[in-house]
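The structure file upload22.txt is reproduced below (compact mmCIF, C-alpha atoms).
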# COMPACT_ATOMS: atom_id res chain seq x y z
CA MET A 251 0.00 0.00 0.00
CA LYS A 252 2.77 2.43 1.02
CA CYS A 253 4.67 1.53 -2.15
CA ASN A 254 1.68 2.38 -4.34
CA ILE A 255 1.19 5.75 -2.57
CA MET A 256 4.87 6.61 -3.07
CA LYS A 257 4.64 5.77 -6.79
CA LEU A 258 1.55 7.96 -7.13
CA LEU A 259 3.28 10.89 -5.42
CA VAL A 260 6.32 10.52 -7.71
CA VAL A 261 4.06 10.54 -10.79
CA ILE A 262 2.22 13.68 -9.57
CA PHE A 263 5.53 15.41 -8.80
CA LEU A 264 7.01 14.59 -12.23
CA PHE A 265 3.80 15.66 -14.00
CA SER A 266 3.89 19.01 -12.20
CA LEU A 267 7.50 19.56 -13.32
CA MET A 268 6.58 18.76 -16.91
CA THR A 269 3.51 21.00 -17.07
CA GLN A 270 4.73 24.09 -15.20
CA PRO A 271 7.05 25.42 -17.96
CA VAL A 272 4.28 24.99 -20.55
CA LEU A 273 1.74 26.87 -18.44
CA ALA A 274 4.24 29.62 -17.71
CA SER A 275 5.00 29.95 -21.41
CA GLU A 276 1.30 30.22 -22.32
CA LYS A 277 0.71 32.76 -19.58
CA LYS A 278 3.66 34.84 -20.72
CA SER A 279 2.53 34.79 -24.34
CA THR A 280 -0.97 36.10 -23.60
CA GLU A 281 -0.50 38.58 -20.76
CA LEU A 282 1.09 41.57 -22.44
CA ALA A 283 -0.32 44.45 -20.40
CA THR A 284 -0.24 43.23 -16.82
CA GLN A 285 0.10 46.68 -15.23
CA ALA A 286 -2.64 48.48 -17.20
CA LYS A 287 -6.32 48.73 -16.24
CA SER A 288 -7.28 47.93 -19.82
CA ALA A 289 -5.54 47.45 -23.14
CA ILE A 290 -5.98 46.35 -26.72
CA LEU A 291 -3.83 45.60 -29.74
CA ILE A 292 -5.25 45.62 -33.28
CA GLU A 293 -3.97 45.42 -36.83
CA ARG A 294 -5.03 48.65 -38.43
CA ASP A 295 -6.21 47.64 -41.91
CA THR A 296 -8.34 44.66 -40.88
CA GLY A 297 -9.24 45.84 -37.38
CA LYS A 298 -8.34 42.35 -36.16
CA VAL A 299 -7.87 42.17 -32.39
CA LEU A 300 -4.51 40.56 -31.59
CA TYR A 301 -4.68 41.03 -27.82
CA GLU A 302 -7.07 42.60 -25.34
CA LYS A 303 -7.56 43.07 -21.63
CA ASN A 304 -10.76 44.60 -20.21
CA SER A 305 -11.09 46.32 -23.57
CA ASP A 306 -14.77 47.29 -23.06
CA GLN A 307 -14.30 48.80 -19.61
CA PRO A 308 -15.36 52.49 -19.64
CA LEU A 309 -12.58 54.68 -18.25
CA PRO A 310 -11.56 58.36 -18.45
CA PRO A 311 -9.44 58.78 -21.61
CA ALA A 312 -7.74 62.05 -20.62
CA SER A 313 -6.04 63.69 -23.62
CA MET A 314 -6.59 60.65 -25.83
CA THR A 315 -9.92 62.45 -26.29
CA LYS A 316 -8.05 64.65 -28.76
CA ILE A 317 -7.99 61.74 -31.23
CA MET A 318 -11.67 62.43 -31.88
CA THR A 319 -10.96 66.17 -32.01
CA MET A 320 -8.33 65.50 -34.68
CA ILE A 321 -10.69 63.21 -36.60
CA LEU A 322 -13.18 66.06 -36.97
CA ILE A 323 -10.44 68.51 -37.96
CA MET A 324 -9.05 66.14 -40.59
CA GLU A 325 -12.55 65.37 -41.88
CA ALA A 326 -13.24 69.08 -42.32
CA LEU A 327 -9.94 69.48 -44.18
CA ASP A 328 -10.70 66.49 -46.40
CA GLU A 329 -14.13 67.88 -47.26
CA GLY A 330 -12.72 71.32 -48.07
CA LYS A 331 -14.59 73.08 -45.26
CA ILE A 332 -11.30 74.48 -43.95
CA THR A 333 -7.70 74.62 -45.18
CA PHE A 334 -4.36 74.29 -43.41
CA LYS A 335 -3.72 77.99 -44.03
CA ASP A 336 -6.96 79.26 -42.50
CA LYS A 337 -6.47 81.64 -39.58
CA VAL A 338 -8.15 80.72 -36.29
CA ARG A 339 -8.70 83.32 -33.61
CA ALA A 340 -8.44 82.16 -29.99
CA SER A 341 -11.35 83.19 -27.79
CA GLU A 342 -10.84 84.20 -24.18
CA TYR A 343 -12.43 80.88 -23.20
CA ALA A 344 -10.06 78.83 -25.38
CA ALA A 345 -7.08 80.72 -23.99
CA SER A 346 -8.23 79.97 -20.43
CA MET A 347 -7.81 76.18 -20.69
CA GLY A 348 -5.55 74.69 -18.05
CA GLY A 349 -3.35 71.60 -18.22
CA SER A 350 -1.19 71.06 -21.30
CA GLN A 351 -1.26 74.17 -23.46
CA ILE A 352 0.54 76.22 -26.08
CA PHE A 353 -0.29 79.40 -24.14
CA LEU A 354 -2.62 81.04 -26.61
CA GLU A 355 -3.54 84.60 -25.73
CA PRO A 356 -7.11 85.90 -26.18
CA GLY A 357 -7.42 87.19 -29.72
CA GLU A 358 -4.21 85.51 -30.91
CA GLU A 359 -4.42 84.03 -34.40
CA MET A 360 -2.78 80.82 -35.59
CA THR A 361 -3.30 78.75 -38.70
CA VAL A 362 -5.02 75.38 -38.69
CA ASN A 363 -1.60 73.90 -39.49
CA GLU A 364 -0.06 75.49 -36.39
CA LEU A 365 -2.91 74.48 -34.11
CA LEU A 366 -2.75 70.89 -35.35
CA LYS A 367 0.90 70.88 -34.31
CA GLY A 368 -0.14 72.20 -30.92
CA ILE A 369 -2.71 69.43 -30.52
CA ALA A 370 -0.85 66.44 -31.99
CA ILE A 371 2.61 67.19 -30.60
CA GLY A 372 2.04 69.35 -27.54
CA SER A 373 -1.42 68.10 -26.51
CA GLY A 374 -2.58 71.71 -26.22
CA ASN A 375 -5.97 72.04 -24.53
CA ASP A 376 -6.20 75.65 -25.66
CA ALA A 377 -5.39 74.67 -29.26
CA SER A 378 -8.07 71.95 -29.14
CA MET A 379 -10.70 74.37 -27.85
CA ALA A 380 -9.78 77.03 -30.41
CA MET A 381 -10.25 74.52 -33.25
CA ALA A 382 -13.48 73.20 -31.72
CA GLU A 383 -14.96 76.69 -31.60
CA HIS A 384 -13.71 77.43 -35.11
CA LEU A 385 -15.34 74.32 -36.57
CA ALA A 386 -18.63 74.27 -34.64
CA GLY A 387 -19.07 77.77 -33.23
CA SER A 388 -19.08 76.60 -29.62
CA GLU A 389 -17.76 73.84 -27.39
CA ASP A 390 -21.27 72.38 -26.92
CA LYS A 391 -21.87 72.12 -30.66
CA PHE A 392 -18.47 70.52 -31.17
CA VAL A 393 -19.17 67.95 -28.44
CA GLU A 394 -22.38 67.10 -30.30
CA MET A 395 -20.27 66.52 -33.41
CA MET A 396 -17.89 64.31 -31.42
CA ASN A 397 -20.65 62.09 -30.05
CA LYS A 398 -22.39 61.91 -33.43
CA LYS A 399 -19.13 60.78 -35.07
CA ALA A 400 -18.61 58.21 -32.31
CA LYS A 401 -21.97 56.65 -33.19
CA GLU A 402 -21.23 56.78 -36.92
CA ILE A 403 -18.09 54.68 -36.50
CA GLY A 404 -19.83 52.20 -34.19
CA LEU A 405 -18.47 53.17 -30.78
CA LYS A 406 -20.75 51.75 -28.09
CA HIS A 407 -18.98 52.70 -24.86
CA THR A 408 -17.82 56.27 -25.48
CA LYS A 409 -19.25 59.61 -24.43
CA PHE A 410 -17.59 63.00 -24.69
CA GLN A 411 -18.20 66.17 -22.71
CA ASN A 412 -15.34 68.29 -24.07
CA PRO A 413 -12.73 68.27 -26.87
CA THR A 414 -9.72 68.21 -24.52
CA GLY A 415 -10.07 65.31 -22.08
CA LEU A 416 -9.85 67.59 -19.04
CA PRO A 417 -11.58 65.86 -16.07
CA VAL A 418 -15.37 66.10 -16.09
CA ASP A 419 -18.20 63.76 -15.10
CA ASP A 420 -19.70 61.36 -17.64
CA HIS A 421 -16.76 61.59 -20.06
CA TYR A 422 -15.44 58.14 -20.88
CA SER A 423 -14.25 55.66 -23.49
CA THR A 424 -12.72 52.18 -23.71
CA ALA A 425 -9.56 50.65 -25.09
CA HIS A 426 -11.57 49.07 -27.92
CA ASP A 427 -13.31 52.32 -28.85
CA MET A 428 -10.06 54.27 -28.67
CA ALA A 429 -8.43 51.80 -31.06
CA MET A 430 -11.35 52.28 -33.46
CA MET A 431 -10.88 56.04 -33.23
CA GLY A 432 -7.21 55.58 -34.01
CA LYS A 433 -8.17 53.44 -36.99
CA GLU A 434 -10.52 56.19 -38.20
CA LEU A 435 -7.96 58.97 -37.73
CA LEU A 436 -5.36 57.04 -39.71
CA LYS A 437 -7.61 57.17 -42.78
CA TYR A 438 -6.32 60.72 -43.12
CA GLU A 439 -2.72 60.09 -44.07
CA ASP A 440 -1.62 63.70 -43.50
CA ILE A 441 -2.13 63.32 -39.76
CA ILE A 442 1.10 61.32 -39.54
CA ASN A 443 2.97 64.48 -40.60
CA TYR A 444 1.99 65.85 -37.19
CA THR A 445 1.82 62.90 -34.80
CA SER A 446 5.20 61.53 -35.95
CA LYS A 447 7.18 64.66 -35.06
CA TYR A 448 9.15 64.48 -31.86
CA GLU A 449 9.69 68.23 -31.71
CA ASP A 450 8.72 71.40 -33.55
CA TYR A 451 8.18 75.10 -32.95
CA LEU A 452 5.33 77.61 -32.86
CA ARG A 453 5.66 81.40 -33.21
CA GLU A 454 9.07 80.61 -34.72
CA ASP A 455 9.75 84.07 -36.17
CA THR A 456 8.74 85.99 -33.06
CA ASP A 457 10.22 86.74 -29.66
CA LYS A 458 7.73 84.24 -28.22
CA LYS A 459 9.16 81.18 -29.98
CA PHE A 460 7.60 78.11 -28.38
CA TRP A 461 9.24 74.67 -28.37
CA LEU A 462 6.94 71.67 -28.76
CA VAL A 463 8.10 68.24 -27.55
CA ASN A 464 5.95 65.22 -28.29
CA THR A 465 4.33 63.78 -25.17
CA ASN A 466 4.61 60.36 -26.88
CA ARG A 467 8.27 59.51 -26.29
CA LEU A 468 7.95 56.26 -28.26
CA VAL A 469 7.97 58.38 -31.43
CA LYS A 470 11.67 58.85 -30.78
CA PHE A 471 12.59 55.64 -29.02
CA TYR A 472 10.62 52.84 -30.76
CA PRO A 473 11.36 52.36 -34.49
CA GLY A 474 8.18 52.66 -36.52
CA VAL A 475 6.05 54.52 -33.97
CA ASP A 476 4.54 57.62 -35.59
CA GLY A 477 1.53 58.47 -33.39
CA LEU A 478 -0.99 58.88 -32.00
CA LYS A 479 -1.85 60.43 -28.59
CA THR A 480 -0.97 60.23 -24.92
CA GLY A 481 -3.18 61.08 -21.97
CA PHE A 482 -2.79 61.80 -18.28
CA THR A 483 -4.91 63.07 -15.40
CA GLY A 484 -4.88 62.11 -11.74
CA GLN A 485 -8.01 60.07 -12.29
CA ALA A 486 -7.11 58.48 -15.63
CA LYS A 487 -3.43 57.95 -14.78
CA TYR A 488 -1.11 57.34 -17.76
CA CYS A 489 -2.74 56.39 -21.06
CA LEU A 490 -1.55 56.00 -24.63
CA THR A 491 -2.96 55.18 -28.03
CA ALA A 492 0.10 54.34 -30.13
CA THR A 493 0.49 53.30 -33.73
CA ALA A 494 3.52 51.83 -35.44
CA LYS A 495 4.33 50.63 -38.93
CA LYS A 496 6.96 48.13 -40.04
CA GLY A 497 7.02 47.03 -43.66
CA ASN A 498 3.44 46.66 -44.83
CA MET A 499 1.98 46.20 -41.37
CA ARG A 500 0.49 48.92 -39.17
CA VAL A 501 -0.84 48.21 -35.70
CA ILE A 502 -2.55 50.23 -32.97
CA ALA A 503 -1.93 49.59 -29.26
CA VAL A 504 -3.94 51.22 -26.47
CA VAL A 505 -3.24 51.33 -22.74
CA PHE A 506 -5.46 52.86 -20.04
CA GLY A 507 -4.51 53.49 -16.42
CA ALA A 508 -0.80 52.74 -16.11
CA ASN A 509 0.83 54.05 -12.93
CA THR A 510 3.86 55.74 -14.54
CA PRO A 511 4.92 56.90 -18.02
CA LYS A 512 7.62 54.23 -18.06
CA GLU A 513 5.08 51.52 -17.19
CA ARG A 514 2.72 52.79 -19.91
CA ASN A 515 5.47 52.78 -22.54
CA ASN A 516 6.67 49.33 -21.50
CA GLU A 517 3.17 47.88 -21.87
CA VAL A 518 2.74 49.38 -25.33
CA THR A 519 6.23 48.25 -26.36
CA LYS A 520 5.43 44.65 -25.38
CA MET A 521 2.28 44.71 -27.48
CA LEU A 522 4.05 46.18 -30.51
CA ASP A 523 6.86 43.63 -30.22
CA TYR A 524 4.30 40.85 -30.08
CA ALA A 525 2.42 42.07 -33.16
CA PHE A 526 5.48 42.46 -35.36
CA SER A 527 7.04 39.16 -34.25
CA GLN A 528 3.89 37.06 -34.69
CA TYR A 529 1.97 38.52 -37.66
CA THR A 530 2.40 39.76 -41.19
CA THR A 531 0.14 41.58 -43.64
CA THR A 532 -0.31 41.55 -47.39
CA PRO A 533 -1.58 44.83 -48.89
CA LEU A 534 -4.68 44.43 -51.09
CA TYR A 535 -5.88 47.97 -51.84
CA LYS A 536 -4.56 51.45 -51.15
CA LYS A 537 -6.81 54.23 -49.91
CA ASP A 538 -8.82 55.87 -52.74
CA ALA A 539 -8.39 52.86 -55.04
CA PRO A 540 -11.24 52.81 -57.60
CA ILE A 541 -13.32 49.63 -57.27
CA LYS A 542 -16.39 50.08 -59.48
CA LYS A 543 -18.61 52.74 -61.06
CA VAL A 544 -22.00 53.45 -59.53
CA GLU A 545 -24.88 54.95 -61.48
CA VAL A 546 -26.18 58.25 -60.09
CA ASN A 547 -29.86 58.97 -60.67
CA LYS A 548 -30.47 62.49 -62.02
CA GLY A 549 -26.82 63.43 -61.61
CA GLU A 550 -24.79 65.84 -63.76
CA GLN A 551 -22.61 62.80 -64.33
CA LYS A 552 -24.21 59.43 -64.92
CA TYR A 553 -21.63 57.56 -62.85
CA VAL A 554 -19.27 58.08 -59.93
CA ASN A 555 -16.36 55.90 -58.89
CA ALA A 556 -16.73 53.95 -55.66
CA VAL A 557 -13.28 54.08 -54.04
CA THR A 558 -11.77 52.58 -50.90
CA SER A 559 -12.04 54.77 -47.81
CA GLU A 560 -8.92 53.29 -46.21
CA PRO A 561 -6.07 50.86 -46.94
CA LEU A 562 -7.12 47.19 -47.02
CA SER A 563 -4.83 44.27 -46.23
CA ALA A 564 -4.88 40.57 -45.42
CA LEU A 565 -3.51 39.52 -42.03
CA ALA A 566 -1.83 36.18 -41.31
CA LYS A 567 0.25 34.55 -38.61
CA LYS A 568 3.90 34.35 -39.54
CA GLY A 569 4.65 31.03 -41.20
CA THR A 570 1.23 30.92 -42.88
CA THR A 571 0.02 32.55 -46.09
CA ALA A 572 -2.79 34.97 -46.85
CA LYS A 573 -3.90 33.21 -50.03
CA ASP A 574 -7.34 32.44 -51.43
CA MET A 575 -8.84 35.78 -50.42
CA LYS A 576 -12.16 36.65 -52.02
CA THR A 577 -13.53 40.17 -52.45
CA GLU A 578 -17.23 40.95 -52.28
CA VAL A 579 -18.50 44.37 -53.36
CA LYS A 580 -21.97 45.72 -52.60
CA LEU A 581 -23.01 49.05 -54.11
CA ASP A 582 -25.92 51.40 -53.58
CA GLU A 583 -28.41 50.42 -56.27
CA ASN A 584 -30.54 53.53 -55.82
CA LEU A 585 -28.00 56.37 -55.58
CA ASN A 586 -29.58 59.77 -56.15
CA ALA A 587 -27.90 63.10 -56.78
CA PRO A 588 -26.56 65.14 -55.14
CA VAL A 589 -23.62 63.01 -53.99
CA LYS A 590 -20.78 64.48 -51.97
CA LYS A 591 -17.19 63.33 -52.09
CA GLY A 592 -16.68 60.83 -49.28
CA ASP A 593 -20.33 59.77 -49.05
CA GLU A 594 -20.64 56.04 -48.33
CA ILE A 595 -22.04 54.36 -51.45
CA GLY A 596 -21.15 50.73 -50.85
CA THR A 597 -19.04 48.22 -48.95
CA ILE A 598 -16.13 45.95 -49.73
CA THR A 599 -15.68 42.71 -47.80
CA ILE A 600 -12.57 40.51 -47.76
CA LYS A 601 -13.25 36.84 -47.02
CA LYS A 602 -11.19 33.70 -46.60
CA ASP A 603 -12.81 30.27 -46.46
CA GLY A 604 -16.18 31.98 -46.10
CA LYS A 605 -15.04 33.93 -43.02
CA VAL A 606 -15.08 37.74 -43.06
CA MET A 607 -11.53 39.02 -42.63
CA SER A 608 -12.38 42.71 -43.00
CA LYS A 609 -15.23 44.94 -44.12
CA SER A 610 -14.91 48.58 -45.12
CA PRO A 611 -17.02 51.38 -46.63
CA LEU A 612 -16.66 52.39 -50.26
CA VAL A 613 -17.08 56.12 -50.80
CA ALA A 614 -17.76 58.52 -53.67
CA GLU A 615 -14.61 59.72 -55.40
CA GLU A 616 -16.05 63.18 -56.17
CA ASP A 617 -19.09 65.42 -55.91
CA VAL A 618 -22.00 64.83 -58.31
CA GLU A 619 -24.55 67.64 -58.43
CA ILE A 620 -28.17 67.34 -59.56
CA ALA A 621 -28.49 67.62 -63.33
CA SER A 622 -30.37 70.59 -64.77
CA TYR A 623 -33.72 70.08 -66.49
CA TRP A 624 -32.00 70.75 -69.81
CA GLN A 625 -29.39 68.04 -69.15
CA LEU A 626 -32.10 65.57 -68.18
CA PHE A 627 -34.13 66.49 -71.28
CA LYS A 628 -31.13 65.93 -73.59
CA ARG A 629 -30.35 62.63 -71.88
CA THR A 630 -33.95 61.44 -72.25
CA PHE A 631 -34.12 62.63 -75.85
CA SER A 632 -30.88 60.79 -76.65
CA LEU A 633 -32.27 57.55 -75.25
CA PHE A 634 -35.51 58.06 -77.20
CA SER A 635 -33.53 58.61 -80.42
CA GLN A 636 -31.55 55.42 -79.91
CA THR A 637 -34.65 53.30 -79.45
CA SER A 638 -36.71 54.83 -82.24

Written form, structure tokens:
Amino acid sequence: MKCNIMKLLVVIFLFSLMTQPVLASEKKSTELATQAKSAILIERDTGKVLYEKNSDQPLPPASMTKIMTMILIMEALDEGKITFKDKVRASEYAASMGGSQIFLEPGEEMTVNELLKGIAIGSGNDASMAMAEHLAGSEDKFVEMMNKKAKEIGLKHTKFQNPTGLPVDDHYSTAHDMAMMGKELLKYEDIINYTSKYEDYLREDTDKKFWLVNTNRLVKFYPGVDGLKTGFTGQAKYCLTATAKKGNMRVIAVVFGANTPKERNNEVTKMLDYAFSQYTTTPLYKKDAPIKKVEVNKGEQKYVNAVTSEPLSALAKKGTTAKDMKTEVKLDENLNAPVKKGDEIGTITIKKDGKVMSKSPLVAEEDVEIASYWQLFKRTFSLFSQTS
């Protein structure tokens, strides 16, 4: 009896020695952000989640809020509502913002280009408010735009109360939603010209020359990092939505609630290392690639090109291939003029083995105005002539 018990104990002991390294290895491979309250890692083009931790937990985003502020600025630029050279006058209210700032004075004018630098590099609360008021007329109206855009891009756990991220009740987001905002912002390729700069200057030709240093230190210290936005308040602690590109692959990593800047950067670095060591992407379409023509009812032009709204790629684990991808295109079959550039007029879906790998809007390549009565008459008469 004693002999059998001893044998059983030896077997249990040996089994525990054999299994412990395996379990430790698995644990190490999946827990990338142990010190953060929440985190997520996605591949940008497909939106595929590569890692997540409490990614739907609502938390204060601090200055990562400015990602949505920048989305609305870049959207307005893309639609031609404003230009980089437009002058923006700072109100007394905008100049009064505390926290990170570029020290705007009431009545001071800067260009959209300069204020974008102040937001993307210096995290200027005053710059953010000045642009919000310029675009919407007031902070309240701009916040309405922010929350409307959040719904448009499918964010379910985000609510904004200001364009800065300064502490206020009922202002929250999640790691998942922040990654989706980063994905949306990166549709506007010019934004990288701002978020990737480690340092720059404002008021350069004056006696008030102001040095900007990027609050995202990984822009300088991690190869491939070129954005997007840090955040910090006493309540939110240290947060970061980072993006990096190596070769054809771009990823977005988000961390909420780290205790120190070093801890925050370490968590993001681990996620980026994991993505680039384990995955690879194959580009399929660039942004603005024409896919198919769509007929426009009663338009000045009969057709408009449906183009990609963002880059599209196929994602695969290293050592495997991204072959046998199928593309499905669905277009608006009842598209009526007027059509504005950027209007969603269809979708493109990438599938493999019947499984959806990514799905993205197709948008109008250009404006199409309503045809005049004379144009419609000539078009109808031409068709009548051909059939008679």

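Taking atom CA of Ile332 of chain A and atom CA of Val362 of chain A as the two end points, the separation is 8.2 Å.
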
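Using all atoms listed in the file, the smallest distance between any of A:Glu302, A:Glu394, A:Glu513, A:Glu439 and Ser559 of chain A comes from A:Glu439.
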
Margin query: Considering all atoms listed in the file, can you say which of A:Gly432, A:Gly357, A:Gly592, A:Gly297 comes closest to Met499 of chain A?
Written below: A:Gly297

Next item on the list: Name all residues at most 8 Å from Glu434 of chain A (count all atoms listed in the file; drop same-chain ones fewer than 3 positions away) and give them as a VMD selection string.
Entry: chain A and resid 321 403 430 to 431 437 to 438

Check: Hey, can you pull every residue with an atom no more than 8 Å from (-2.9, 82.0, -29.1), using all atoms listed in the file, and send it as a list in words?
Finding: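 Those residues lying close to the given coordinates are Arg339, Ala340, Ala345, Ile352, Phe353, Leu354, Glu355, Pro356, Gly357, Glu358, Glu359, Met360, Asp376 and Ala377 of chain A.
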
Item checked: Point (-27.8, 65.2, -63.3), cut-off 6 Å, counting all atoms listed in the file, residues as a list in words ->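 Those residues lying close to the given coordinates are Lys548, Gly549, Glu550, Gln551, Ile620 and Ala621 of chain A.
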
Notebook entry, point to check: Between A:Gln307, A:Thr361, A:Thr599, A:Ser527, which one has atoms that come closest to Lys406 of chain A, using only C-alpha atoms?
Noted result: A:Gln307

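The smallest atom-to-atom distance between Val299 of chain A and any of A:Met318, A:Met521, A:Ile598, A:Ala492, using all atoms listed in the file, is found for A:Met521.
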
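Atom CA of Thr493 of chain A to atom CA of Tyr301 of chain A spans 14.6 Å [interatomic distance, one decimal].
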
Next item on the list: Compare A:Gly374, A:Pro511, A:Pro533, A:Gly604 by their minimum atom-to-atom distance to Gly497 of chain A, counting all atoms listed in the file, and give me the closest one.
Entry: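 Closest residue, counting all atoms listed in the file: A:Pro533.
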
Notebook entry, point to check: Counting only C-alpha atoms, what is within 8 Å of segment 461-470 of chain A, bar same-chain residues fewer than 3 positions away, as a PyMOL selection string?
Noted result: chain A and resi 368+370-373+446-452+473-480+490+515

Item checked: Point-to-point distance from atom CA of Gly349 of chain A to atom CA of Lys303 of chain A, Å rounded to tenths ->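 Answer for the atom CA of Gly349 of chain A to atom CA of Lys303 of chain A separation: 29.0 Å.
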
Next item on the list: Between A:Thr296, A:Thr532, A:Thr571, A:Asn584, single out the one closest to Asn547 of chain A, counting only C-alpha atoms.
Entry: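 Using only C-alpha atoms, the shortest distance to Asn547 of chain A belongs to A:Asn584.
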
Check: Near Asn304 of chain A, within 9 Å and counting only C-alpha atoms, which residues show up once chain neighbours fewer than 5 positions away are dropped, as a ChimeraX atom specification?
Finding: /A:287-290,424-426

Note to self: Need to verify the contact set: segment 542-545 of chain A, 7 Å, all atoms listed in the file, exclusion of same-chain residues closer than 2 positions in sequence. Can you return it as a ChimeraX atom specification?
What the structure shows: /A:540,547,552-556,585
